[in-house]
>>> print(open('model_12.pdb').read())   # PDB, C-alpha atoms, pLDDT in the B column
ATOM      1  CA  MET A   1     -61.770 -58.131 -10.961  1.00 78.00           C
ATOM      2  CA  THR A   2     -59.884 -56.220 -13.612  1.00 87.00           C
ATOM      3  CA  LYS A   3     -60.274 -52.437 -13.520  1.00 96.00           C
ATOM      4  CA  THR A   4     -57.773 -51.298 -16.136  1.00 98.00           C
ATOM      5  CA  ILE A   5     -56.374 -53.130 -19.164  1.00 98.00           C
ATOM      6  CA  LEU A   6     -53.391 -51.853 -21.130  1.00 98.00           C
ATOM      7  CA  CYS A   7     -53.216 -53.052 -24.728  1.00 98.00           C
ATOM      8  CA  ALA A   8     -49.917 -52.585 -26.551  1.00 97.00           C
ATOM      9  CA  VAL A   9     -50.097 -52.373 -30.343  1.00 96.00           C
ATOM     10  CA  ASP A  10     -47.742 -51.636 -33.205  1.00 93.00           C
ATOM     11  CA  ILE A  11     -49.416 -49.066 -35.470  1.00 94.00           C
ATOM     12  CA  ASN A  12     -47.125 -50.117 -38.309  1.00 90.00           C
ATOM     13  CA  ARG A  13     -48.841 -53.523 -38.402  1.00 89.00           C
ATOM     14  CA  PRO A  14     -52.569 -52.715 -38.124  1.00 91.00           C
ATOM     15  CA  ASP A  15     -53.797 -55.947 -39.728  1.00 91.00           C
ATOM     16  CA  GLU A  16     -51.676 -58.154 -37.469  1.00 89.00           C
ATOM     17  CA  GLU A  17     -52.543 -56.123 -34.372  1.00 94.00           C
ATOM     18  CA  LYS A  18     -56.304 -56.221 -34.961  1.00 96.00           C
ATOM     19  CA  GLN A  19     -56.597 -59.534 -33.080  1.00 96.00           C
ATOM     20  CA  VAL A  20     -54.649 -58.114 -30.124  1.00 96.00           C
ATOM     21  CA  LEU A  21     -56.905 -55.071 -29.917  1.00 97.00           C
ATOM     22  CA  THR A  22     -60.165 -57.002 -30.245  1.00 98.00           C
ATOM     23  CA  THR A  23     -59.024 -59.484 -27.585  1.00 98.00           C
ATOM     24  CA  ALA A  24     -58.215 -56.649 -25.189  1.00 98.00           C
ATOM     25  CA  ALA A  25     -61.589 -55.016 -25.879  1.00 98.00           C
ATOM     26  CA  LYS A  26     -63.426 -58.283 -25.163  1.00 97.00           C
ATOM     27  CA  LEU A  27     -61.550 -58.737 -21.900  1.00 97.00           C
ATOM     28  CA  ALA A  28     -62.328 -55.146 -20.904  1.00 97.00           C
ATOM     29  CA  LYS A  29     -65.999 -55.654 -21.686  1.00 96.00           C
ATOM     30  CA  VAL A  30     -66.233 -58.759 -19.460  1.00 95.00           C
ATOM     31  CA  ASP A  31     -65.177 -56.809 -16.340  1.00 94.00           C
ATOM     32  CA  ASP A  32     -66.398 -53.390 -17.497  1.00 96.00           C
ATOM     33  CA  ALA A  33     -62.757 -52.299 -17.274  1.00 97.00           C
ATOM     34  CA  GLN A  34     -61.068 -49.194 -18.640  1.00 98.00           C
ATOM     35  CA  LEU A  35     -59.183 -49.953 -21.864  1.00 98.00           C
ATOM     36  CA  ASP A  36     -55.944 -48.085 -22.465  1.00 98.00           C
ATOM     37  CA  VAL A  37     -54.193 -48.591 -25.811  1.00 98.00           C
ATOM     38  CA  ILE A  38     -50.524 -47.739 -26.186  1.00 98.00           C
ATOM     39  CA  THR A  39     -48.147 -47.535 -29.110  1.00 96.00           C
ATOM     40  CA  VAL A  40     -44.478 -46.686 -28.799  1.00 94.00           C
ATOM     41  CA  VAL A  41     -42.488 -44.493 -31.164  1.00 90.00           C
ATOM     42  CA  PRO A  42     -38.730 -45.223 -31.228  1.00 81.00           C
ATOM     43  CA  ASP A  43     -36.624 -42.657 -29.419  1.00 75.00           C
ATOM     44  CA  PHE A  44     -34.193 -41.378 -32.017  1.00 60.00           C
ATOM     45  CA  GLY A  45     -32.913 -38.728 -29.622  1.00 57.00           C
ATOM     46  CA  MET A  46     -30.595 -41.153 -27.862  1.00 55.00           C
ATOM     47  CA  THR A  47     -28.909 -42.538 -30.968  1.00 53.00           C
ATOM     48  CA  VAL A  48     -26.452 -41.211 -33.495  1.00 52.00           C
ATOM     49  CA  VAL A  49     -29.412 -40.842 -35.864  1.00 50.00           C
ATOM     50  CA  GLY A  50     -31.090 -38.544 -33.313  1.00 49.00           C
ATOM     51  CA  ALA A  51     -28.597 -35.809 -33.999  1.00 51.00           C
ATOM     52  CA  TYR A  52     -30.146 -35.369 -37.443  1.00 53.00           C
ATOM     53  CA  PHE A  53     -33.700 -34.920 -36.141  1.00 54.00           C
ATOM     54  CA  GLN A  54     -34.915 -31.624 -34.766  1.00 55.00           C
ATOM     55  CA  ASP A  55     -37.481 -31.450 -31.960  1.00 54.00           C
ATOM     56  CA  HIS A  56     -40.331 -30.542 -34.300  1.00 53.00           C
ATOM     57  CA  HIS A  57     -39.690 -33.751 -36.291  1.00 59.00           C
ATOM     58  CA  VAL A  58     -39.977 -35.802 -33.098  1.00 62.00           C
ATOM     59  CA  ASP A  59     -43.185 -34.009 -32.102  1.00 68.00           C
ATOM     60  CA  SER A  60     -44.534 -34.469 -35.610  1.00 79.00           C
ATOM     61  CA  ALA A  61     -43.787 -38.208 -35.508  1.00 80.00           C
ATOM     62  CA  LYS A  62     -45.476 -38.526 -32.115  1.00 85.00           C
ATOM     63  CA  ASN A  63     -48.567 -36.613 -33.293  1.00 88.00           C
ATOM     64  CA  HIS A  64     -48.765 -38.700 -36.452  1.00 91.00           C
ATOM     65  CA  ALA A  65     -48.505 -41.881 -34.357  1.00 93.00           C
ATOM     66  CA  GLY A  66     -51.370 -40.632 -32.198  1.00 94.00           C
ATOM     67  CA  ASP A  67     -53.523 -40.051 -35.265  1.00 95.00           C
ATOM     68  CA  LEU A  68     -52.736 -43.527 -36.614  1.00 96.00           C
ATOM     69  CA  LEU A  69     -53.483 -45.097 -33.225  1.00 97.00           C
ATOM     70  CA  LYS A  70     -56.871 -43.381 -32.998  1.00 97.00           C
ATOM     71  CA  GLU A  71     -57.665 -44.363 -36.583  1.00 96.00           C
ATOM     72  CA  MET A  72     -56.712 -47.980 -35.859  1.00 97.00           C
ATOM     73  CA  THR A  73     -58.783 -48.259 -32.670  1.00 97.00           C
ATOM     74  CA  LYS A  74     -61.789 -46.548 -34.238  1.00 97.00           C
ATOM     75  CA  LYS A  75     -61.678 -48.800 -37.300  1.00 97.00           C
ATOM     76  CA  THR A  76     -61.234 -51.967 -35.225  1.00 97.00           C
ATOM     77  CA  LEU A  77     -63.546 -51.269 -32.277  1.00 97.00           C
ATOM     78  CA  GLY A  78     -66.054 -48.832 -33.743  1.00 96.00           C
ATOM     79  CA  ALA A  79     -66.587 -45.184 -32.847  1.00 96.00           C
ATOM     80  CA  GLU A  80     -68.741 -45.811 -29.753  1.00 95.00           C
ATOM     81  CA  GLN A  81     -66.271 -48.126 -28.043  1.00 95.00           C
ATOM     82  CA  ASP A  82     -63.282 -46.081 -29.234  1.00 96.00           C
ATOM     83  CA  ALA A  83     -64.673 -42.993 -27.488  1.00 96.00           C
ATOM     84  CA  LYS A  84     -64.098 -44.751 -24.137  1.00 96.00           C
ATOM     85  CA  VAL A  85     -60.516 -45.779 -24.916  1.00 97.00           C
ATOM     86  CA  ARG A  86     -57.560 -43.845 -23.524  1.00 97.00           C
ATOM     87  CA  HIS A  87     -54.975 -43.519 -26.311  1.00 98.00           C
ATOM     88  CA  ILE A  88     -51.325 -43.377 -25.243  1.00 97.00           C
ATOM     89  CA  VAL A  89     -48.337 -42.578 -27.437  1.00 96.00           C
ATOM     90  CA  ALA A  90     -44.995 -43.099 -25.738  1.00 94.00           C
ATOM     91  CA  MET A  91     -41.479 -42.608 -26.991  1.00 91.00           C
ATOM     92  CA  GLY A  92     -38.593 -44.920 -26.208  1.00 90.00           C
ATOM     93  CA  SER A  93     -38.067 -48.643 -25.831  1.00 91.00           C
ATOM     94  CA  VAL A  94     -41.261 -50.660 -26.382  1.00 91.00           C
ATOM     95  CA  TYR A  95     -41.081 -52.935 -23.374  1.00 92.00           C
ATOM     96  CA  GLU A  96     -39.884 -50.182 -21.007  1.00 95.00           C
ATOM     97  CA  GLU A  97     -42.664 -47.799 -22.065  1.00 96.00           C
ATOM     98  CA  VAL A  98     -45.347 -50.498 -21.860  1.00 97.00           C
ATOM     99  CA  LEU A  99     -44.226 -51.371 -18.330  1.00 97.00           C
ATOM    100  CA  ARG A 100     -44.077 -47.680 -17.379  1.00 97.00           C
ATOM    101  CA  ALA A 101     -47.591 -47.026 -18.728  1.00 98.00           C
ATOM    102  CA  ALA A 102     -48.924 -50.094 -16.902  1.00 98.00           C
ATOM    103  CA  LYS A 103     -47.451 -48.834 -13.640  1.00 97.00           C
ATOM    104  CA  LEU A 104     -48.647 -45.238 -14.084  1.00 97.00           C
ATOM    105  CA  GLY A 105     -52.123 -46.340 -15.198  1.00 96.00           C
ATOM    106  CA  LYS A 106     -52.345 -48.925 -12.419  1.00 97.00           C
ATOM    107  CA  SER A 107     -53.160 -51.585 -14.997  1.00 98.00           C
ATOM    108  CA  ASP A 108     -54.351 -54.959 -13.757  1.00 97.00           C
ATOM    109  CA  LEU A 109     -53.658 -56.662 -17.082  1.00 98.00           C
ATOM    110  CA  ILE A 110     -51.440 -56.060 -20.115  1.00 98.00           C
ATOM    111  CA  VAL A 111     -52.510 -57.469 -23.477  1.00 97.00           C
ATOM    112  CA  ILE A 112     -49.725 -57.748 -26.034  1.00 95.00           C
ATOM    113  CA  GLY A 113     -49.175 -59.608 -29.280  1.00 91.00           C
ATOM    114  CA  ALA A 114     -46.354 -61.992 -30.023  1.00 85.00           C
ATOM    115  CA  HIS A 115     -44.967 -63.060 -33.357  1.00 73.00           C
ATOM    116  CA  ARG A 116     -43.130 -66.232 -34.247  1.00 65.00           C
ATOM    117  CA  PRO A 117     -39.640 -65.697 -32.896  1.00 60.00           C
ATOM    118  CA  ASP A 118     -36.646 -65.383 -35.173  1.00 58.00           C
ATOM    119  CA  LEU A 119     -33.213 -66.625 -34.165  1.00 53.00           C
ATOM    120  CA  LYS A 120     -32.284 -63.097 -33.068  1.00 50.00           C
ATOM    121  CA  ASP A 121     -35.272 -63.090 -30.681  1.00 48.00           C
ATOM    122  CA  TYR A 122     -33.933 -66.153 -28.907  1.00 49.00           C
ATOM    123  CA  LEU A 123     -30.692 -64.308 -28.279  1.00 43.00           C
ATOM    124  CA  LEU A 124     -32.084 -60.860 -27.427  1.00 39.00           C
ATOM    125  CA  GLY A 125     -35.660 -61.538 -26.333  1.00 47.00           C
ATOM    126  CA  PRO A 126     -38.707 -59.998 -28.023  1.00 79.00           C
ATOM    127  CA  ASN A 127     -40.699 -57.203 -26.420  1.00 86.00           C
ATOM    128  CA  ALA A 128     -43.551 -59.517 -25.386  1.00 88.00           C
ATOM    129  CA  ALA A 129     -41.147 -61.794 -23.512  1.00 88.00           C
ATOM    130  CA  ARG A 130     -39.566 -58.847 -21.707  1.00 90.00           C
ATOM    131  CA  VAL A 131     -42.967 -57.463 -20.720  1.00 94.00           C
ATOM    132  CA  VAL A 132     -44.012 -60.876 -19.379  1.00 91.00           C
ATOM    133  CA  ARG A 133     -40.750 -61.277 -17.493  1.00 92.00           C
ATOM    134  CA  HIS A 134     -40.732 -57.842 -15.843  1.00 94.00           C
ATOM    135  CA  SER A 135     -44.402 -56.931 -15.406  1.00 95.00           C
ATOM    136  CA  HIS A 136     -45.919 -56.533 -11.944  1.00 95.00           C
ATOM    137  CA  CYS A 137     -49.380 -57.415 -13.279  1.00 97.00           C
ATOM    138  CA  SER A 138     -50.760 -60.275 -15.344  1.00 96.00           C
ATOM    139  CA  VAL A 139     -49.940 -60.373 -19.054  1.00 96.00           C
ATOM    140  CA  TYR A 140     -52.161 -61.891 -21.734  1.00 96.00           C
ATOM    141  CA  VAL A 141     -50.141 -62.772 -24.842  1.00 93.00           C
ATOM    142  CA  VAL A 142     -52.107 -63.009 -28.095  1.00 92.00           C
ATOM    143  CA  ARG A 143     -50.588 -65.256 -30.733  1.00 87.00           C
ATOM    144  CA  PRO A 144     -51.558 -65.106 -34.413  1.00 81.00           C
TER
END
>>> encode(input="model_12.pdb", output="structure tokens")
Amino acid sequence: MTKTILCAVDINRPDEEKQVLTTAAKLAKVDDAQLDVITVVPDFGMTVVGAYFQDHHVDSAKNHAGDLLKEMTKKTLGAEQDAKVRHIVAMGSVYEEVLRAAKLGKSDLIVIGAHRPDLKDYLLGPNAARVVRHSHCSVYVVRP
């Protein structure tokens, strides 16, 4: 029985991620599981670009991402179901933060979307593939 489901979405692609979110919500409903939804903001602090951002810009970006995430889940799932969702905004590498959130939240299942791979994805590996490869729990990959 699944107790906690972590759904990873990209708030910059709300239309494409709608199917991922609705799939996760359906799976959560089947087992009456807690649904956690995460989005990850890139960590500019560790790059050369990061030197040009001040802390308040990073906080502002994180807060804005949280607002967009809540708006996306509310619009997709409805206000009643959204009220039960735990919204998570992380900062850093997508696959690392998804795996960290799954571990901290004791998730039994991760739901993540996958796009058609480009040539660069075959060489580097997309986030979904890395999550599948390194996760300690089951991963449900939603394809468009």
>>> atom_distance(input="model_12.pdb", atom1="atom CA of A:Gly92", atom2="atom CA of A:Thr2")
27.2 Å
>>> closest_residue(input="model_12.pdb", among="A:Ala8, A:Cys137, A:Ala28, A:Val37", to="A:Tyr95", atoms="all atoms listed in the file")
A:Ala8
>>> atom_distance(input="model_12.pdb", atom1="atom CA of A:Asn63", atom2="atom CA of A:Ile38")
13.3 Å
>>> atom_distance(input="model_12.pdb", atom1="atom CA of A:Asp67", atom2="atom CA of A:Val89")
9.7 Å
>>> residues_around(input="model_12.pdb", residues="A:Asp108", least_positions_apart="3", cutoff="8 Å", atoms="all atoms listed in the file", output="list of chain:residue names")
A:Thr2, A:Lys3, A:Thr4, A:Ile5, A:Ala102, A:Cys137, A:Ser138
>>> closest_residue(input="model_12.pdb", among="A:Ala33, A:Met72, A:His136, A:Lys84", to="A:Arg100", atoms="all atoms listed in the file")
A:His136
>>> closest_residue(input="model_12.pdb", among="A:Val142, A:Ile11, A:Ala114, A:Leu104", to="A:Gly66", atoms="all atoms listed in the file")
A:Ile11
>>> closest_residue(input="model_12.pdb", among="A:Leu109, A:Val132, A:Val40, A:Ala65", to="A:Val94", atoms="only C-alpha atoms")
A:Val40
>>> closest_residue(input="model_12.pdb", among="A:Val131, A:Val20, A:Leu35, A:Ala90", to="A:Lys106", atoms="all atoms listed in the file")
A:Leu35
>>> residues_around(input="model_12.pdb", residues="A:Val85", least_positions_apart="3", cutoff="12 Å", atoms="only C-alpha atoms", output="ChimeraX atom specification")
/A:4-7,21,24-25,28-29,33-38,69-70,72-74,77-82,88
>>> closest_residue(input="model_12.pdb", among="A:His64, A:Arg133, A:Lys103, A:Lys18", to="A:Thr76", atoms="only C-alpha atoms")
A:Lys18
>>> axis_aligned_box(input="model_12.pdb", around="stretch 8-19 of chain A", padding_each_side="5 Å", output="JSON")
{"center_x": -51.9, "center_y": -54.3, "center_z": -33.1, "size_x": 19.5, "size_y": 20.5, "size_z": 23.2}
